[in-house]
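*Asks:* I am attaching a structure below and will ask some questions about it afterwards.
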Amino acid sequence: MYVVVVGLSHKTAPVEIREKLSFPEGKLKESLRRLLSYPHISEGVVLSTCNRTEVYAVCNNPRKGREDIVKFLCDYHELEKRELSRYLYFHDSIDAIHHLFDVAASLDSMVVGEAQILGQVKEAYNHSFEIGATSIIFNRLFRHAFRVGKRVRTETRIGESAVSISYAAVELAKTVFEDLKGHTVMIIGAGKMSELTAKHLLANGVSSVIVSNRTYERAVELAERFQGKAVRFDENIKYMAKADIVISSTGAPHYVVKKDDVAKVMQMRRNRPIFFIDIAVPRDVDPGVNDLYNVFLYDIDDLESVVKANLAEREKEAEKAEAITDGEVEEFLSWLQSLEVTPIVFALKERAESIRRAEMTRVLGKLDLSEEEKNAINVLTGAIVNKLLHQPIVRIKECANQKDGYVYIESLRRLFGLEEKPEK
Amino acid sequence: MEKASVFLFWFSFILYAVALLLYASFFISRKQTTGGLATGTLIGGWLVHTGSLIFRGLAAGSLPGATAYESLSVVAWLVIVAYLIVEYFSRSKVLGIFITAVDCLFLIRAWGHYQPPGPRLSILQSSLVDVHFMLIFIASAAFTVAGGCGLLYLFQEGQVKGRKPSILFRRLPSLEVLDEVGYGAVLVGFLFFTLCVISGAIQALGVWGTLWDPIVVSSAIAWAIYALYLLSRAMAGWRGRKAAILAIVGFLFIMSIRFAIVPYVSYLHGFRG
């Protein structure tokens, strides 16, 4: 039995191809049934996200399993094999397991450490599980993968830090304010970036929004979207006193928020802390503002350097995570191999027994022996076969738990010509 | 009884020291199990410490607190109570490093003053004295927490203002929490300290007939520092850094009264009981 995966991801295929190969969730179960109808596939899971489409399968021959999956992908999406194959990657056995664990641990993601992928893998597995497309191997393998994903998340800091400008702004705001609930955010200059940042802040609990823009109508428009309040540009200072977080991104060529103004604002707000996020280039907020008591200011460069540091941190954590997945793959493999030794031992015994029986009938038919003598020969040959097989069977069971166990099992299979035995 | 008390005293010291290591290791590794273990060990140490104080009280036949050894041990014990409350509500264990370290120092210093349990000086045998002790102990514990919060605040603010925050800043509580926990601790400390000063003044007038004593005067100054903290916050909005600095100054002042003035200059506060 082999675990294989065929798929493509953001690393191998452009979005136009990924789109073509995606599986809509509503039709997933039907497509899984179709996958299982291919001759060499005994278990299957289809993982389809916007960054990847992967088909995991258990099959009795990796090459044939791969062909089946590729055929399935082409048939299902009505694509030519030729145009698809250069985007596809293929892994089998240990590499396939390793790949799944890396995916679940978000080590293969576009943004390493992002949190969604584990849930997506779970969902993909659940779809298969519900229609019985998984069995002994995948039930174990995928549950193991969830454990790996969770372990990486708790034991490393891989998903901890913000890796986008707007998230970094939220994260920083949270170092000043414990809970963004009950706090007010003010947006100066209704641009795309400030809108996005405000959205994140709102999602994190900020309760009211004030929008100020040079063209008042634009401010009203944006304020409506956030159910906030639009104010005129010359009233900035008055309203700044009510805000706890100020996001500025106007196209002004000079400072829009001056140090003296902020000093006045701080008096009005009796030194309650205020957090400025200046994402404009050229800058909107006088950098001197940061020197004021209880005023905190981050400009776009500061935010970018925070993001950069966070990304570097994730890379470092990814190395730790690799060590975790390596160990887990080993663990799973040892289980998988122990699973395989049982049928091979069974097949070996059966082969020996059938040879013995055949030889017995052949010889006993030629000789004229008493019942007692026949019995003695029967016992004798049985003992020889058992004694002969005893040592190899004990050894193979031992070897199965070793690192290269599958090599011994594979050798046994070939030496005794056991591969023709139907598996499953 | 005395032996049991001493045994438990050192046992709790060891547990506090282990908790210190666990809190520090949690700060670095962030493993949840380590964090849970740190809090668990601290609570265990505190329970053992409680036992030590009970045996001490039983051996002496009075509430512990009248000797230098006892007073420091009780303060250390109360600091843990105050901290555990803060940890529970702020959901942050960073302050634990500071608190367990301070507690270990308190206990070591306490041992330096160790005297076998015995009856108190007759002049200290009044319930007003017991109340006076309890008030200053609770106030000290609260001011210790406030000082720790102040220290963390300055560190965290440096990180945020510096605009090149290291990954450390994510492991500290937000400025808002540090400021408010510190404020709450000062509020509680100030309340008990005020009552303590009043009860002390009543006794000083009764026993000495005068308020002109180094402890009384320095206590009044300490009281003024915390009064300034609360007043400036209410009137001028001195929060954040300025408040943190005042909390640290107040804490250092209280500590220097206890360790630099009390043992050398005052008869009644000399804890020769």
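Quick note on naming: the chains in the structure tokens go A, B, ... in the order shown, residues restart at 1 in each chain, and ligands are numbered from 1 in order of appearance.
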May I have the residues of chain B within 7 Å of chain A, counting only C-alpha atoms, written as an mmCIF file with C-alpha atoms, in the first residue's frame?

*Replies:*
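The result, written out as selection_32.cif:
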```cif
data_model
loop_
_atom_site.group_PDB
_atom_site.id
_atom_site.type_symbol
_atom_site.label_atom_id
_atom_site.label_comp_id
_atom_site.auth_asym_id
_atom_site.auth_seq_id
_atom_site.Cartn_x
_atom_site.Cartn_y
_atom_site.Cartn_z
ATOM 1 C CA LYS B 31 5.180 26.729 26.403
ATOM 2 C CA LYS B 161 8.286 54.317 21.417
ATOM 3 C CA ARG B 163 9.668 51.912 16.989
ATOM 4 C CA LYS B 164 11.963 48.931 16.591
ATOM 5 C CA SER B 174 -0.182 46.134 26.947
ATOM 6 C CA LEU B 175 0.694 49.577 28.279
ATOM 7 C CA GLU B 176 -2.930 50.084 29.237
ATOM 8 C CA VAL B 177 -3.003 47.007 31.470
ATOM 9 C CA ALA B 236 -3.344 66.518 35.314
ATOM 10 C CA GLY B 237 -3.792 63.134 33.712
ATOM 11 C CA TRP B 238 -0.359 61.902 34.744
ATOM 12 C CA GLY B 240 1.693 56.102 31.734
#
```

*Asks:* Please identify which residues in stretch 185-325 of chain A DSSP calls helix (DSSP H, G or I) from the backbone, and express them as a ChimeraX atom specification.

*Replies:* /A:192-203,216-225,233-240,259-268,287-291,300-325

*Asks:* For A:Ser135, please output as a PyMOL selection string all residues within 7 Å (counting only C-alpha atoms; exclusion window: fewer than 3 positions along the same chain).

*Replies:* chain A and resi 43+138-139

*Asks:* Would you mind exporting N, CA and C atoms of the selected residues as a PDB file, in the first residue's frame?

*Replies:*
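selection08.pdb was written with the following content:
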```pdb
ATOM      1  N   GLU A  43      -8.140   4.752  -1.225  1.00  0.00           N
ATOM      2  CA  GLU A  43      -8.605   5.809  -0.329  1.00  0.00           C
ATOM      3  C   GLU A  43      -8.259   7.141  -0.988  1.00  0.00           C
ATOM      4  N   PHE A 138      -5.692   6.434   5.806  1.00  0.00           N
ATOM      5  CA  PHE A 138      -5.940   7.879   5.811  1.00  0.00           C
ATOM      6  C   PHE A 138      -6.567   8.362   7.122  1.00  0.00           C
ATOM      7  N   ASN A 139      -7.403   7.521   7.725  1.00  0.00           N
ATOM      8  CA  ASN A 139      -7.960   7.941   9.011  1.00  0.00           C
ATOM      9  C   ASN A 139      -6.832   8.222   9.997  1.00  0.00           C
TER      10      ASN A 139
END
```

*Asks:* Write down as a list in words the residues belonging to stretch 214-324 of chain A that are assigned strand (DSSP E) by DSSP computed on the backbone.

*Replies:* Lys229, Ala230, Val231, Arg232, Ile245, Val246, Ile247, Ser248, Ile274, Phe275, Phe276, Ile277, Asp278, Val295, Phe296, Leu297, Tyr298 and Asp299 of chain A

*Asks:* Applying 12 Å and only C-alpha atoms, which residues near stretch 350-367 of chain A remain after dropping the ones on its own chain fewer than 2 positions away? List them as a PyMOL selection string.

*Replies:* chain A and resi 343-348+369-371+373-390+413+416-421

*Asks:* Pick out the residues sitting within 10 Å of A:Ala115, and hand them over as a tab-separated table (two decimals) with C-alpha atoms, in the first residue's frame; count only C-alpha atoms, and ignore anything fewer than 4 positions along from it in its own chain.

*Replies:*
```tsv
chain	number	residue	atom	x	y	z
A	104	ALA	CA	-0.98	20.94	7.63
A	105	ALA	CA	1.71	22.74	9.63
A	106	SER	CA	1.48	25.67	7.19
A	109	SER	CA	1.87	28.01	2.54
A	111	VAL	CA	2.51	33.06	3.89
A	119	GLY	CA	-8.83	24.00	9.02
A	120	GLN	CA	-8.97	23.51	5.27
A	149	GLY	CA	-0.30	21.08	12.63
A	153	ARG	CA	1.35	25.99	16.18
A	158	ILE	CA	5.32	30.39	13.56
A	159	GLY	CA	1.89	32.01	13.39
A	160	GLU	CA	2.34	34.53	16.10
```

*Asks:* Identify, on the basis of only C-alpha atoms, every residue whose closest approach to B:Ile80 does not exceed 12 Å; exclude the query and any residue fewer than 2 positions from it along the same chain; express the result as a count of residues only.

*Replies:* 43

*Asks:* When you look at A:Tyr125 with a cut-off of 8 Å (counting only C-alpha atoms), what residues show up, excluding the ones that are within fewer than 6 positions of it in the same chain? I need them as a short mmCIF file (atom, residue, chain, number, x, y, z; two decimals) with N, CA and C atoms, in the first residue's frame.

*Replies:*
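Writing done, so here's out_3.cif:
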```cif
data_model
loop_
_atom_site.label_atom_id
_atom_site.label_comp_id
_atom_site.auth_asym_id
_atom_site.auth_seq_id
_atom_site.Cartn_x
_atom_site.Cartn_y
_atom_site.Cartn_z
N VAL A 45 -8.42 11.74 -0.65
CA VAL A 45 -8.82 13.02 -0.07
C VAL A 45 -8.44 14.10 -1.07
N VAL A 46 -9.37 15.02 -1.32
CA VAL A 46 -9.08 16.13 -2.23
C VAL A 46 -9.02 17.42 -1.43
N LEU A 47 -7.86 18.08 -1.49
CA LEU A 47 -7.67 19.35 -0.80
C LEU A 47 -7.66 20.46 -1.83
N PHE A 142 -4.37 11.36 8.42
CA PHE A 142 -4.86 12.74 8.50
C PHE A 142 -5.01 13.20 9.94
#
```

*Asks:* Please compute the atom CA of A:Glu317-atom CA of B:Arg170 distance, one decimal, in Å.

*Replies:* 15.7 Å

*Asks:* Which of these residues is nearest to A:Glu315, using only C-alpha atoms: A:Ile277, A:Val285, A:Val112, A:Gly7?

*Replies:*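 When distances to A:Glu315 are compared using only C-alpha atoms, the smallest one comes from A:Val112.
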
*Asks:* What is the distance between atom CA of A:Met240 and atom CA of A:Ala198, in Å to one decimal?

*Replies:*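 Result for atom CA of A:Met240 versus atom CA of A:Ala198: 15.5 Å, one decimal.
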
*Asks:* Smallest atom-to-atom distance to A:Asp260: which of A:Pro282, A:Val289, A:Lys64, A:Asn236, using only C-alpha atoms?

*Replies:*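 The shortest atom-to-atom distance to A:Asp260 comes from A:Val289.
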
*Asks:* Quick check, in Å to one decimal: how far apart do atom CA of A:Glu54 and atom CA of A:Phe332 lie?

*Replies:* 20.3 Å
